[in-house]
file input-v7.txt (compact mmCIF, C-alpha atoms)
# COMPACT_ATOMS: atom_id res chain seq x y z
CA SER B 15 33.27 -1.19 -46.11
CA VAL B 16 30.38 0.66 -44.57
CA GLY B 17 31.16 2.90 -41.61
CA LYS B 18 29.29 2.52 -38.32
CA SER B 19 27.69 5.97 -38.55
CA THR B 20 26.49 5.24 -42.09
CA LEU B 21 25.02 1.91 -40.99
CA VAL B 22 23.23 3.52 -38.04
CA ALA B 23 21.83 6.19 -40.34
CA ALA B 24 20.67 3.59 -42.86
CA THR B 25 18.98 1.52 -40.16
CA ALA B 26 17.31 4.59 -38.68
CA ALA B 27 16.07 5.48 -42.16
CA ALA B 28 14.58 2.02 -42.50
CA VAL B 29 12.85 2.42 -39.14
CA ALA B 30 11.42 5.77 -40.21
CA ALA B 31 10.21 4.60 -43.62
CA THR B 32 6.67 5.87 -44.15
CA GLY B 33 5.48 4.12 -47.30
CA ALA B 34 4.80 7.17 -49.48
CA TRP B 35 2.76 5.03 -51.85
CA LEU B 36 -0.09 4.66 -49.34
CA PHE B 37 -2.87 6.78 -50.80
CA PHE B 38 -5.64 4.99 -48.97
CA SER B 39 -8.98 6.14 -47.56
CA LYS B 40 -9.07 5.77 -43.80
CA THR B 41 -11.88 3.48 -42.80
CA SER B 42 -13.10 1.90 -39.63
CA SER B 43 -11.14 -1.15 -38.50
CA THR B 44 -14.08 -2.62 -36.63
CA THR B 45 -15.23 -6.06 -37.68
CA ASN B 46 -18.16 -6.65 -39.96
CA ASP B 47 -20.65 -9.03 -38.39
CA SER B 48 -22.13 -9.97 -41.76
CA ASN B 49 -18.83 -11.62 -42.69
CA LYS B 50 -18.92 -13.99 -39.73
CA GLN B 51 -21.35 -16.24 -41.57
CA ALA B 52 -18.88 -16.79 -44.41
CA PRO B 53 -17.42 -20.33 -44.50
CA ALA B 54 -13.90 -20.48 -43.10
CA LYS B 55 -11.24 -20.81 -45.78
CA ARG B 56 -7.54 -21.65 -45.59
CA PHE B 57 -4.99 -19.46 -47.33
CA TYR B 58 -1.27 -20.13 -47.74
CA ILE B 59 2.06 -18.86 -48.92
CA PHE B 60 3.85 -21.56 -50.94
CA GLY B 61 7.60 -21.56 -51.47
CA SER B 62 10.92 -21.73 -49.65
CA PRO B 63 12.11 -20.16 -47.48
CA VAL B 64 8.85 -18.78 -46.04
CA GLY B 65 9.39 -19.27 -42.31
CA LYS B 66 10.12 -15.57 -41.75
CA SER B 67 7.53 -14.25 -44.19
CA PRO B 68 5.34 -11.43 -42.81
CA SER B 69 2.51 -12.58 -45.11
CA PRO B 70 0.63 -14.62 -42.46
CA LEU B 71 0.60 -11.60 -40.14
CA MET B 72 -0.50 -9.31 -42.96
CA HIS B 73 -3.41 -11.38 -44.20
CA ASN B 74 -4.60 -12.62 -40.80
CA THR B 75 -4.67 -8.96 -39.73
CA GLY B 76 -6.83 -8.21 -42.76
CA PHE B 77 -9.20 -11.08 -41.96
CA LYS B 78 -9.54 -9.79 -38.40
CA ILE B 79 -10.29 -6.24 -39.57
CA CYS B 80 -13.02 -7.54 -41.86
CA GLY B 81 -14.45 -10.04 -39.38
CA LEU B 82 -13.68 -12.95 -41.68
CA PRO B 83 -13.17 -16.46 -40.18
CA HIS B 84 -10.33 -17.37 -42.54
CA SER B 85 -6.74 -18.33 -41.70
CA TYR B 86 -3.45 -17.85 -43.57
CA ALA B 87 -0.35 -19.96 -42.95
CA ALA B 88 3.14 -20.49 -44.34
CA GLU B 89 3.58 -23.78 -46.21
CA GLU B 90 7.28 -24.50 -46.67
CA THR B 91 7.49 -26.47 -49.90
CA VAL B 92 9.20 -26.61 -53.28
CA ASP B 93 7.01 -29.50 -54.42
CA PRO B 94 4.23 -28.64 -56.93
CA GLU B 95 2.46 -31.87 -55.93
CA ARG B 96 2.10 -30.62 -52.36
CA VAL B 97 0.64 -27.39 -53.71
CA LYS B 98 -1.77 -29.40 -55.88
CA GLU B 99 -2.93 -31.36 -52.85
CA LEU B 100 -3.76 -28.21 -50.87
CA VAL B 101 -5.41 -26.22 -53.67
CA GLN B 102 -7.77 -29.10 -54.39
CA ARG B 103 -9.18 -29.12 -50.86
CA LYS B 104 -12.68 -27.75 -50.41
CA ASP B 105 -11.56 -25.20 -47.82
CA PHE B 106 -8.82 -23.73 -50.02
CA GLY B 107 -9.31 -19.96 -50.24
CA GLY B 108 -6.26 -18.76 -52.12
CA ALA B 109 -2.49 -18.57 -51.96
CA SER B 110 0.58 -16.42 -52.34
CA VAL B 111 3.42 -18.00 -54.30
CA THR B 112 7.08 -17.13 -53.88
CA ILE B 113 10.43 -18.55 -54.98
CA PRO B 114 11.12 -21.07 -56.38
CA LEU B 115 7.55 -21.77 -57.54
CA LYS B 116 6.51 -18.64 -59.42
CA GLU B 117 7.14 -20.24 -62.79
CA LYS B 118 6.50 -23.89 -61.82
CA LEU B 119 2.75 -24.08 -61.12
CA PHE B 120 1.21 -23.26 -64.47
CA HIS B 121 0.11 -26.87 -64.97
CA LEU B 122 -2.20 -26.46 -61.95
CA VAL B 123 -4.06 -23.36 -63.16
CA THR B 124 -6.88 -23.13 -65.67
CA GLU B 125 -6.94 -19.36 -66.15
CA ARG B 126 -4.24 -16.68 -66.31
CA SER B 127 -4.62 -12.92 -65.83
CA ASP B 128 -3.29 -10.55 -68.46
CA ALA B 129 -0.42 -9.67 -66.11
CA VAL B 130 0.57 -13.32 -65.74
CA LYS B 131 0.45 -13.81 -69.49
CA ALA B 132 2.74 -10.83 -70.01
CA ILE B 133 5.11 -11.45 -67.09
CA GLY B 134 5.35 -15.22 -67.41
CA ALA B 135 5.29 -15.73 -63.64
CA LEU B 136 2.57 -15.90 -60.99
CA ASN B 137 2.46 -14.97 -57.33
CA THR B 138 -1.25 -15.39 -56.56
CA LEU B 139 -3.68 -18.31 -56.83
CA ILE B 140 -7.40 -17.53 -56.74
CA PRO B 141 -10.05 -20.28 -56.78
CA GLN B 142 -13.06 -19.32 -58.90
CA PRO B 143 -16.77 -20.04 -58.19
CA ASN B 144 -16.87 -22.30 -61.25
CA GLY B 145 -14.16 -24.53 -59.78
CA ARG B 146 -11.38 -23.18 -61.98
CA LEU B 147 -8.09 -21.84 -60.60
CA LEU B 148 -6.92 -18.38 -61.67
CA ALA B 149 -3.26 -17.35 -61.62
CA ASP B 150 -2.52 -13.67 -61.12
CA ASN B 151 0.53 -11.54 -60.42
CA THR B 152 0.50 -8.61 -57.98
CA ASP B 153 4.29 -8.28 -57.73
CA TRP B 154 4.31 -5.69 -60.51
CA LYS B 155 1.85 -3.53 -58.58
CA GLY B 156 4.02 -3.96 -55.49
CA ILE B 157 6.79 -2.34 -57.52
CA LEU B 158 4.77 0.26 -59.42
CA LEU B 159 2.72 1.65 -56.52
CA PRO B 160 5.65 2.60 -54.24
CA LEU B 161 7.74 3.84 -57.17
CA LYS B 162 5.27 6.12 -58.90
CA PRO B 163 4.91 8.85 -56.25
CA LEU B 164 8.69 9.04 -55.83
CA LEU B 165 9.19 9.36 -59.57
CA LEU B 166 6.57 12.11 -59.66
CA HIS B 167 8.38 13.85 -56.79
CA ARG B 168 11.65 13.48 -58.67
CA ASP B 169 9.98 15.18 -61.65
CA ASP B 170 9.08 18.11 -59.42
CA GLU B 171 12.65 18.42 -58.17
CA LYS B 172 13.96 18.27 -61.73
CA LYS B 173 11.36 20.84 -62.82
CA GLY B 174 9.85 18.56 -65.41
CA VAL B 175 13.11 17.59 -67.10
CA ASN B 176 12.53 13.89 -66.40
CA LYS B 177 8.88 12.95 -66.62
CA VAL B 178 7.77 9.55 -65.32
CA GLY B 179 8.91 7.10 -67.95
CA ARG B 180 11.61 9.50 -69.14
CA GLY B 181 15.25 8.89 -68.54
CA ILE B 182 16.58 5.35 -68.27
CA GLY B 183 15.15 2.52 -66.17
CA ILE B 184 17.41 -0.37 -65.14
CA VAL B 185 16.36 -3.75 -63.74
CA ILE B 186 19.05 -5.86 -62.08
CA GLY B 187 18.29 -9.59 -62.26
CA ALA B 188 16.45 -11.95 -64.60
CA GLY B 189 14.17 -14.08 -62.42
CA GLY B 190 10.45 -13.94 -61.66
CA THR B 191 10.63 -10.66 -59.71
CA ALA B 192 12.75 -9.10 -62.44
CA ARG B 193 10.06 -10.02 -64.96
CA ALA B 194 7.48 -8.23 -62.80
CA ALA B 195 9.81 -5.23 -62.49
CA VAL B 196 10.25 -4.96 -66.25
CA TYR B 197 6.47 -5.15 -66.70
CA ALA B 198 5.95 -2.46 -64.04
CA LEU B 199 8.47 -0.10 -65.63
CA LYS B 200 6.85 -0.60 -69.03
CA GLN B 201 3.55 0.50 -67.46
CA LEU B 202 5.38 3.64 -66.31
CA GLY B 203 6.55 4.38 -69.83
CA TYR B 204 10.07 2.94 -69.89
CA ASP B 205 10.71 0.88 -73.00
CA GLY B 206 13.06 0.00 -75.84
CA GLU B 207 16.60 1.30 -75.41
CA ASN B 208 15.60 3.22 -72.28
CA LEU B 209 14.60 0.07 -70.35
CA LEU B 210 17.67 -2.01 -69.59
CA ILE B 211 18.12 -5.41 -67.95
CA CYS B 212 21.42 -6.41 -66.36
CA ASN B 213 22.07 -9.83 -64.82
CA PRO B 214 25.70 -9.75 -63.66
CA ARG B 215 26.33 -13.49 -63.29
CA THR B 216 24.46 -14.74 -66.38
CA PRO B 217 24.14 -11.95 -68.99
CA GLU B 218 22.54 -14.36 -71.45
CA LYS B 219 19.45 -14.57 -69.23
CA ALA B 220 19.15 -10.78 -69.31
CA ALA B 221 19.44 -10.80 -73.09
CA LYS B 222 16.73 -13.44 -73.39
CA LEU B 223 14.40 -11.53 -71.07
CA ALA B 224 15.02 -8.25 -72.89
CA ASN B 225 14.21 -9.86 -76.21
CA GLU B 226 10.98 -11.23 -74.76
CA PHE B 227 9.86 -7.83 -73.42
CA GLY B 228 11.07 -5.69 -76.31
CA CYS B 229 13.68 -3.80 -74.33
CA SER B 230 17.49 -3.95 -74.07
CA SER B 231 20.13 -5.71 -72.03
CA ILE B 232 23.58 -4.65 -70.86
CA GLU B 233 26.46 -6.54 -69.30
CA ASP B 234 27.90 -3.62 -67.35
CA VAL B 235 25.73 -0.96 -65.72
CA LYS B 236 28.57 1.56 -65.97
CA SER B 237 28.15 1.55 -69.75
CA VAL B 238 24.99 3.62 -69.29
CA VAL B 239 26.89 6.60 -67.88
CA SER B 240 27.96 7.79 -71.31
CA ARG B 241 24.38 8.09 -72.57
CA SER B 242 22.70 11.47 -72.93
CA LEU B 243 19.77 10.49 -70.68
CA ALA B 244 20.23 10.00 -66.95
CA VAL B 245 19.18 6.89 -65.06
CA SER B 246 15.93 7.82 -63.28
CA VAL B 247 15.14 4.45 -61.65
CA LEU B 248 17.06 1.31 -60.74
CA VAL B 249 15.28 -1.81 -59.49
CA CYS B 250 17.37 -4.58 -57.93
CA THR B 251 15.74 -8.02 -57.73
CA LEU B 252 18.84 -10.06 -56.86
CA PRO B 253 18.83 -12.26 -53.71
CA PRO B 254 20.57 -11.09 -50.52
CA LYS B 255 23.62 -13.29 -51.10
CA ALA B 256 24.45 -11.29 -54.22
CA ARG B 257 25.14 -8.20 -52.08
CA TYR B 258 24.68 -6.03 -55.15
CA VAL B 259 25.81 -2.40 -55.05
CA ALA B 260 25.25 0.05 -57.90
CA PRO B 261 28.30 1.92 -59.23
CA ASP B 262 28.99 5.40 -57.88
CA GLU B 263 28.62 6.83 -61.38
CA ILE B 264 25.01 5.64 -61.52
CA LEU B 265 24.07 6.75 -58.01
CA ALA B 266 25.52 10.19 -58.78
CA GLN B 267 22.63 10.65 -61.21
CA LYS B 268 20.22 10.37 -58.24
CA PRO B 269 17.90 7.65 -59.54
CA VAL B 270 15.09 6.31 -57.41
CA VAL B 271 16.50 3.00 -56.14
CA PHE B 272 14.19 0.06 -55.48
CA GLU B 273 15.55 -2.81 -53.36
CA ALA B 274 13.11 -5.72 -53.77
CA ILE B 275 14.31 -7.86 -50.85
CA TYR B 276 12.96 -7.13 -47.36
CA LEU B 277 15.50 -9.20 -45.41
CA PRO B 278 18.08 -8.28 -44.32
CA PRO B 279 16.52 -4.94 -43.34
CA VAL B 280 19.67 -3.03 -44.29
CA THR B 281 21.44 -3.87 -47.55
CA PRO B 282 24.65 -2.59 -49.15
CA LEU B 283 22.67 -1.15 -52.08
CA ALA B 284 20.13 0.73 -49.95
CA THR B 285 22.83 2.02 -47.59
CA LYS B 286 25.02 3.31 -50.40
CA ALA B 287 22.10 4.78 -52.34
CA GLU B 288 20.80 6.69 -49.31
CA ALA B 289 24.31 7.98 -48.57
CA ALA B 290 24.44 9.24 -52.17
CA GLY B 291 21.20 11.16 -51.70
CA CYS B 292 18.94 8.83 -53.68
CA LYS B 293 15.33 8.12 -52.81
CA VAL B 294 15.09 4.44 -51.82
CA VAL B 295 12.12 2.05 -51.80
CA LYS B 296 12.55 -0.95 -49.51
CA GLY B 297 11.33 -4.48 -50.08
CA LEU B 298 8.86 -4.18 -47.21
CA ASP B 299 6.96 -1.53 -49.19
CA MET B 300 6.70 -3.94 -52.12
CA LEU B 301 5.60 -6.79 -49.86
CA ILE B 302 2.79 -4.76 -48.31
CA ALA B 303 1.65 -3.23 -51.59
CA GLN B 304 1.42 -6.53 -53.44
CA GLY B 305 -0.17 -8.16 -50.38
CA VAL B 306 -3.12 -5.80 -50.09
CA GLU B 307 -3.73 -6.31 -53.81
CA GLN B 308 -3.91 -10.06 -53.15
CA PHE B 309 -6.27 -9.53 -50.22
CA GLU B 310 -8.68 -7.61 -52.43
CA LEU B 311 -8.54 -10.28 -55.14
CA TRP B 312 -9.33 -13.06 -52.67
CA THR B 313 -11.98 -11.41 -50.52
CA LYS B 314 -13.46 -8.76 -52.87
CA THR B 315 -12.98 -6.35 -49.97
CA PRO B 316 -11.73 -2.90 -51.09
CA LYS B 317 -8.07 -2.70 -50.15
CA SER B 318 -8.67 0.75 -48.66
CA LYS B 319 -10.42 -0.97 -45.74
CA VAL B 320 -7.36 -3.00 -44.70
CA THR B 321 -4.27 -1.19 -46.01
CA GLU B 322 -3.77 1.04 -42.98
CA GLY B 323 -4.20 -1.79 -40.47
CA ILE B 324 -2.04 -4.26 -42.41
CA THR B 325 0.70 -1.66 -42.89
CA LYS B 326 0.73 -0.71 -39.21
CA ALA B 327 0.87 -4.31 -37.96
CA THR B 328 3.56 -5.32 -40.45
CA ARG B 329 5.80 -2.33 -39.80
CA GLU B 330 5.52 -2.77 -36.02
CA MET B 331 6.50 -6.43 -36.32
CA TYR B 332 9.34 -5.63 -38.71
CA GLN B 333 10.75 -2.93 -36.47
CA LYS B 334 10.51 -5.03 -33.29
CA THR B 335 11.86 -8.23 -34.85
CA TYR B 336 14.56 -6.94 -37.20
CA LEU B 337 15.31 -3.23 -36.96
CA ASP B 338 15.45 -2.63 -33.19
CA PRO B 339 17.86 -5.55 -32.56
CA LEU B 340 20.06 -4.33 -35.41
CA LEU B 341 20.20 -0.82 -33.97
CA ARG B 342 21.09 -2.17 -30.54
CA LYS B 343 23.84 -4.29 -32.06
CA ILE B 344 25.55 -1.52 -34.02
CA ARG B 345 25.25 1.32 -31.52

call {"tool": "encode", "arguments": {"input": "input-v7.txt", "output": "structure tokens"}}
result
Amino acid sequence: SVGKSTLVAATAAAVAATGAWLFFSKTSSTTNDSNKQAPAKRFYIFGSPVGKSPSPLMHNTGFKICGLPHSYAAEETVDPERVKELVQRKDFGGASVTIPLKEKLFHLVTERSDAVKAIGALNTLIPQPNGRLLADNTDWKGILLPLKPLLLHRDDEKKGVNKVGRGIGIVIGAGGTARAAVYALKQLGYDGENLLICNPRTPEKAAKLANEFGCSSIEDVKSVVSRSLAVSVLVCTLPPKARYVAPDEILAQKPVVFEAIYLPPVTPLATKAEAAGCKVVKGLDMLIAQGVEQFELWTKTPKSKVTEGITKATREMYQKTYLDPLLRKIR
């Protein structure tokens, strides 16, 4: 069990999270009058559950910053036919796609980005001027961008012993987000026997995914402890109900720990990892990072123009809605 003081500390750490990945150029947040003549488009997030998704706030904030007349809304659905109906409308501007649809909409798209082809899952739909529909995936950037500066910092602390891509990378899970995580870690240099996939409930899915990506799978994370290389990064993509916690032996190696879920705001994995002295990336960082990538793809607006404003609005909402009530409850 987690002690009250530990839980308070973990929640306070979540409140204070700064998003070290944000290397953006500060720009004016005033609206651009030239954009007001653009035809209004409708954007969506498709999937379930999406009722608590911060995505509408994020993208509507971006539209406001840029003076664009568009709107973004949550569309609670698991039905590809409902998605087809909306993407075929003339005012469709683009969409985010989340579970359980990331691998179920390929029959609707006519083009796939290189990332989608490699990952085998999509999270972004982009209508093209020629009437075609492009599928892209920004989840992997939502993982890579927050991770990279922390891995570089870890290198500094280790005095160059573990370069980025050195050591062992572990991905927990075997779904669409896990696929993006494996792809992201491969871009960082993890591969082969040093990139491991573990899916506790169904190891055969991990083995299949590892075979597809040219890496390795394991049934028990503890088996890595005996290797000569330390674990330098662990990415957990399991849903909240799994309540996954990494073994003490792994956390003792001080890997950077990436918790992909953003709700609940405090998880057993993040709490235990922080208590063990590990650097932790929260799901909210991933959500924001992949979201500003989507915004740029849809609007052709440089993400540097909206990243600061979107990040500020999203973190303020997250703290007010989820973190402050949790702190009041446990204190």

call {"tool": "closest_residue", "arguments": {"input": "input-v7.txt", "among": "B:Pro68, B:Gly190, B:Pro282, B:Gly145", "to": "Gln333 (chain B)", "atoms": "only C-alpha atoms"}}
result
B:Pro68

call {"tool": "atom_distance", "arguments": {"input": "input-v7.txt", "atom1": "CA of Glu322 (chain B)", "atom2": "CA of Val295 (chain B)"}}
result
18.2 Å

call {"tool": "closest_residue", "arguments": {"input": "input-v7.txt", "among": "B:Lys326, B:Phe309, B:Ile79, B:Glu263", "to": "Phe57 (chain B)", "atoms": "all atoms listed in the file"}}
result
B:Phe309

call {"tool": "closest_residue", "arguments": {"input": "input-v7.txt", "among": "B:Pro261, B:Gly76, B:Gly305, B:Pro278", "to": "Leu340 (chain B)", "atoms": "all atoms listed in the file"}}
result
B:Pro278

call {"tool": "residues_around", "arguments": {"input": "input-v7.txt", "residues": "Ser127 (chain B)", "least_positions_apart": "3", "cutoff": "12 Å", "atoms": "only C-alpha atoms", "output": "CSV table (one decimal) with C-alpha atoms, in the coordinates of the input"}}
result
chain,number,residue,atom,x,y,z
B,120,PHE,CA,1.2,-23.3,-64.5
B,123,VAL,CA,-4.1,-23.4,-63.2
B,124,THR,CA,-6.9,-23.1,-65.7
B,130,VAL,CA,0.6,-13.3,-65.7
B,131,LYS,CA,0.4,-13.8,-69.5
B,132,ALA,CA,2.7,-10.8,-70.0
B,133,ILE,CA,5.1,-11.4,-67.1
B,134,GLY,CA,5.4,-15.2,-67.4
B,135,ALA,CA,5.3,-15.7,-63.6
B,136,LEU,CA,2.6,-15.9,-61.0
B,137,ASN,CA,2.5,-15.0,-57.3
B,138,THR,CA,-1.2,-15.4,-56.6
B,139,LEU,CA,-3.7,-18.3,-56.8
B,140,ILE,CA,-7.4,-17.5,-56.7
B,147,LEU,CA,-8.1,-21.8,-60.6
B,148,LEU,CA,-6.9,-18.4,-61.7
B,149,ALA,CA,-3.3,-17.4,-61.6
B,150,ASP,CA,-2.5,-13.7,-61.1
B,151,ASN,CA,0.5,-11.5,-60.4
B,152,THR,CA,0.5,-8.6,-58.0
B,311,LEU,CA,-8.5,-10.3,-55.1

call {"tool": "residues_near_point", "arguments": {"input": "input-v7.txt", "point": "(7.0, 5.6, -68.3)", "cutoff": "10 Å", "atoms": "all atoms listed in the file", "output": "JSON, numbers by chain"}}
result
{"B": [162, 165, 177, 178, 179, 180, 181, 182, 183, 198, 199, 200, 201, 202, 203, 204, 205, 208, 209]}

call {"tool": "residues_around", "arguments": {"input": "input-v7.txt", "residues": "Leu122 (chain B)", "least_positions_apart": "4", "cutoff": "12 Å", "atoms": "only C-alpha atoms", "output": "PyMOL selection string"}}
result
chain B and resi 94-102+115-118+126+136+139-141+146-149

call {"tool": "residues_near_point", "arguments": {"input": "input-v7.txt", "point": "(-12.9, -5.1, -46.8)", "cutoff": "9 Å", "atoms": "only C-alpha atoms", "output": "number ranges by chain"}}
result
B: 46, 76-77, 79-80, 309-310, 313-320

call {"tool": "atom_distance", "arguments": {"input": "input-v7.txt", "atom1": "CA of Leu223 (chain B)", "atom2": "CA of Arg193 (chain B)"}}
result
7.6 Å

call {"tool": "residues_around", "arguments": {"input": "input-v7.txt", "residues": "Thr325 (chain B)", "least_positions_apart": "6", "cutoff": "9 Å", "atoms": "all atoms listed in the file", "output": "list of chain:residue names"}}
result
B:Gly33, B:Met72, B:Asp299, B:Ile302, B:Ala303

call {"tool": "residues_around", "arguments": {"input": "input-v7.txt", "residues": "Thr91 (chain B)", "least_positions_apart": "2", "cutoff": "7 Å", "atoms": "only C-alpha atoms", "output": "CSV table (one decimal) with C-alpha atoms, keeping the file's coordinate frame"}}
result
chain,number,residue,atom,x,y,z
B,60,PHE,CA,3.8,-21.6,-50.9
B,61,GLY,CA,7.6,-21.6,-51.5
B,62,SER,CA,10.9,-21.7,-49.6
B,89,GLU,CA,3.6,-23.8,-46.2
B,93,ASP,CA,7.0,-29.5,-54.4

call {"tool": "closest_residue", "arguments": {"input": "input-v7.txt", "among": "B:Ser230, B:Pro83, B:Lys343, B:Ala266", "to": "Gly291 (chain B)", "atoms": "all atoms listed in the file"}}
result
B:Ala266

call {"tool": "atom_distance", "arguments": {"input": "input-v7.txt", "atom1": "CA of His73 (chain B)", "atom2": "CA of Glu273 (chain B)"}}
result
22.7 Å

call {"tool": "residues_around", "arguments": {"input": "input-v7.txt", "residues": "Tyr336 (chain B)", "least_positions_apart": "2", "cutoff": "12 Å", "atoms": "all atoms listed in the file", "output": "PDB file with C-alpha atoms, in the coordinates of the input"}}
result
ATOM      1  CA  THR B  25      18.980   1.520 -40.160  1.00  0.00           C
ATOM      2  CA  ALA B  26      17.310   4.590 -38.680  1.00  0.00           C
ATOM      3  CA  ALA B  28      14.580   2.020 -42.500  1.00  0.00           C
ATOM      4  CA  VAL B  29      12.850   2.420 -39.140  1.00  0.00           C
ATOM      5  CA  LYS B  66      10.120 -15.570 -41.750  1.00  0.00           C
ATOM      6  CA  PRO B  68       5.340 -11.430 -42.810  1.00  0.00           C
ATOM      7  CA  TYR B 276      12.960  -7.130 -47.360  1.00  0.00           C
ATOM      8  CA  LEU B 277      15.500  -9.200 -45.410  1.00  0.00           C
ATOM      9  CA  PRO B 278      18.080  -8.280 -44.320  1.00  0.00           C
ATOM     10  CA  PRO B 279      16.520  -4.940 -43.340  1.00  0.00           C
ATOM     11  CA  VAL B 280      19.670  -3.030 -44.290  1.00  0.00           C
ATOM     12  CA  LEU B 298       8.860  -4.180 -47.210  1.00  0.00           C
ATOM     13  CA  THR B 328       3.560  -5.320 -40.450  1.00  0.00           C
ATOM     14  CA  ARG B 329       5.800  -2.330 -39.800  1.00  0.00           C
ATOM     15  CA  GLU B 330       5.520  -2.770 -36.020  1.00  0.00           C
ATOM     16  CA  MET B 331       6.500  -6.430 -36.320  1.00  0.00           C
ATOM     17  CA  TYR B 332       9.340  -5.630 -38.710  1.00  0.00           C
ATOM     18  CA  GLN B 333      10.750  -2.930 -36.470  1.00  0.00           C
ATOM     19  CA  LYS B 334      10.510  -5.030 -33.290  1.00  0.00           C
ATOM     20  CA  ASP B 338      15.450  -2.630 -33.190  1.00  0.00           C
ATOM     21  CA  PRO B 339      17.860  -5.550 -32.560  1.00  0.00           C
ATOM     22  CA  LEU B 340      20.060  -4.330 -35.410  1.00  0.00           C
ATOM     23  CA  LEU B 341      20.200  -0.820 -33.970  1.00  0.00           C
ATOM     24  CA  ARG B 342      21.090  -2.170 -30.540  1.00  0.00           C
ATOM     25  CA  LYS B 343      23.840  -4.290 -32.060  1.00  0.00           C
TER      26      LYS B 343
END

call {"tool": "axis_aligned_box", "arguments": {"input": "input-v7.txt", "around": "region 241-259 of chain B", "padding_each_side": "3 Å", "output": "lines of an AutoDock Vina configuration file"}}
result
center_x = 20.5
center_y = -0.9
center_z = -61.7
size_x = 16.7
size_y = 30.8
size_z = 28.4

call {"tool": "closest_residue", "arguments": {"input": "input-v7.txt", "among": "B:Trp154, B:Phe227, B:Trp312, B:Phe106", "to": "Val249 (chain B)", "atoms": "all atoms listed in the file"}}
result
B:Trp154

call {"tool": "closest_residue", "arguments": {"input": "input-v7.txt", "among": "B:Lys296, B:Lys236, B:Lys78, B:His84", "to": "Gln267 (chain B)", "atoms": "all atoms listed in the file"}}
result
B:Lys236

call {"tool": "decode", "arguments": {"input": "input-v7.txt", "residues": "region 305-309 of chain B", "atoms": "all heavy atoms", "output": "tab-separated table (two decimals), in the first residue's frame"}}
result
chain	number	residue	atom	x	y	z
B	305	GLY	N	-0.75	16.21	-29.40
B	305	GLY	CA	-1.81	17.10	-29.82
B	305	GLY	C	-1.32	18.28	-30.63
B	305	GLY	O	-1.94	18.66	-31.63
B	306	VAL	N	-0.23	18.89	-30.21
B	306	VAL	CA	0.28	20.04	-30.97
B	306	VAL	C	0.83	19.59	-32.32
B	306	VAL	O	0.81	20.35	-33.30
B	306	VAL	CB	1.34	20.84	-30.17
B	306	VAL	CG1	0.71	21.47	-28.93
B	306	VAL	CG2	2.54	19.99	-29.80
B	307	GLU	N	1.30	18.35	-32.39
B	307	GLU	CA	1.72	17.79	-33.69
B	307	GLU	C	0.50	17.67	-34.61
B	307	GLU	O	0.57	17.97	-35.81
B	307	GLU	CB	2.37	16.42	-33.50
B	307	GLU	CG	3.68	16.43	-32.75
B	307	GLU	CD	4.83	17.07	-33.52
B	307	GLU	OE1	4.81	17.02	-34.77
B	307	GLU	OE2	5.73	17.62	-32.87
B	308	GLN	N	-0.62	17.21	-34.06
B	308	GLN	CA	-1.85	17.11	-34.85
B	308	GLN	C	-2.30	18.49	-35.33
B	308	GLN	O	-2.68	18.66	-36.50
B	308	GLN	CB	-2.97	16.49	-34.00
B	308	GLN	CG	-2.80	15.02	-33.71
B	308	GLN	CD	-3.94	14.48	-32.87
B	308	GLN	OE1	-4.46	15.14	-31.98
B	308	GLN	NE2	-4.34	13.24	-33.14
B	309	PHE	N	-2.25	19.46	-34.44
B	309	PHE	CA	-2.69	20.82	-34.78
B	309	PHE	C	-1.92	21.35	-35.98
B	309	PHE	O	-2.48	21.96	-36.89
B	309	PHE	CB	-2.53	21.75	-33.57
B	309	PHE	CG	-3.20	23.07	-33.75
B	309	PHE	CD1	-4.50	23.26	-33.36
B	309	PHE	CD2	-2.51	24.16	-34.31
B	309	PHE	CE1	-5.14	24.49	-33.52
B	309	PHE	CE2	-3.13	25.38	-34.48
B	309	PHE	CZ	-4.45	25.55	-34.09
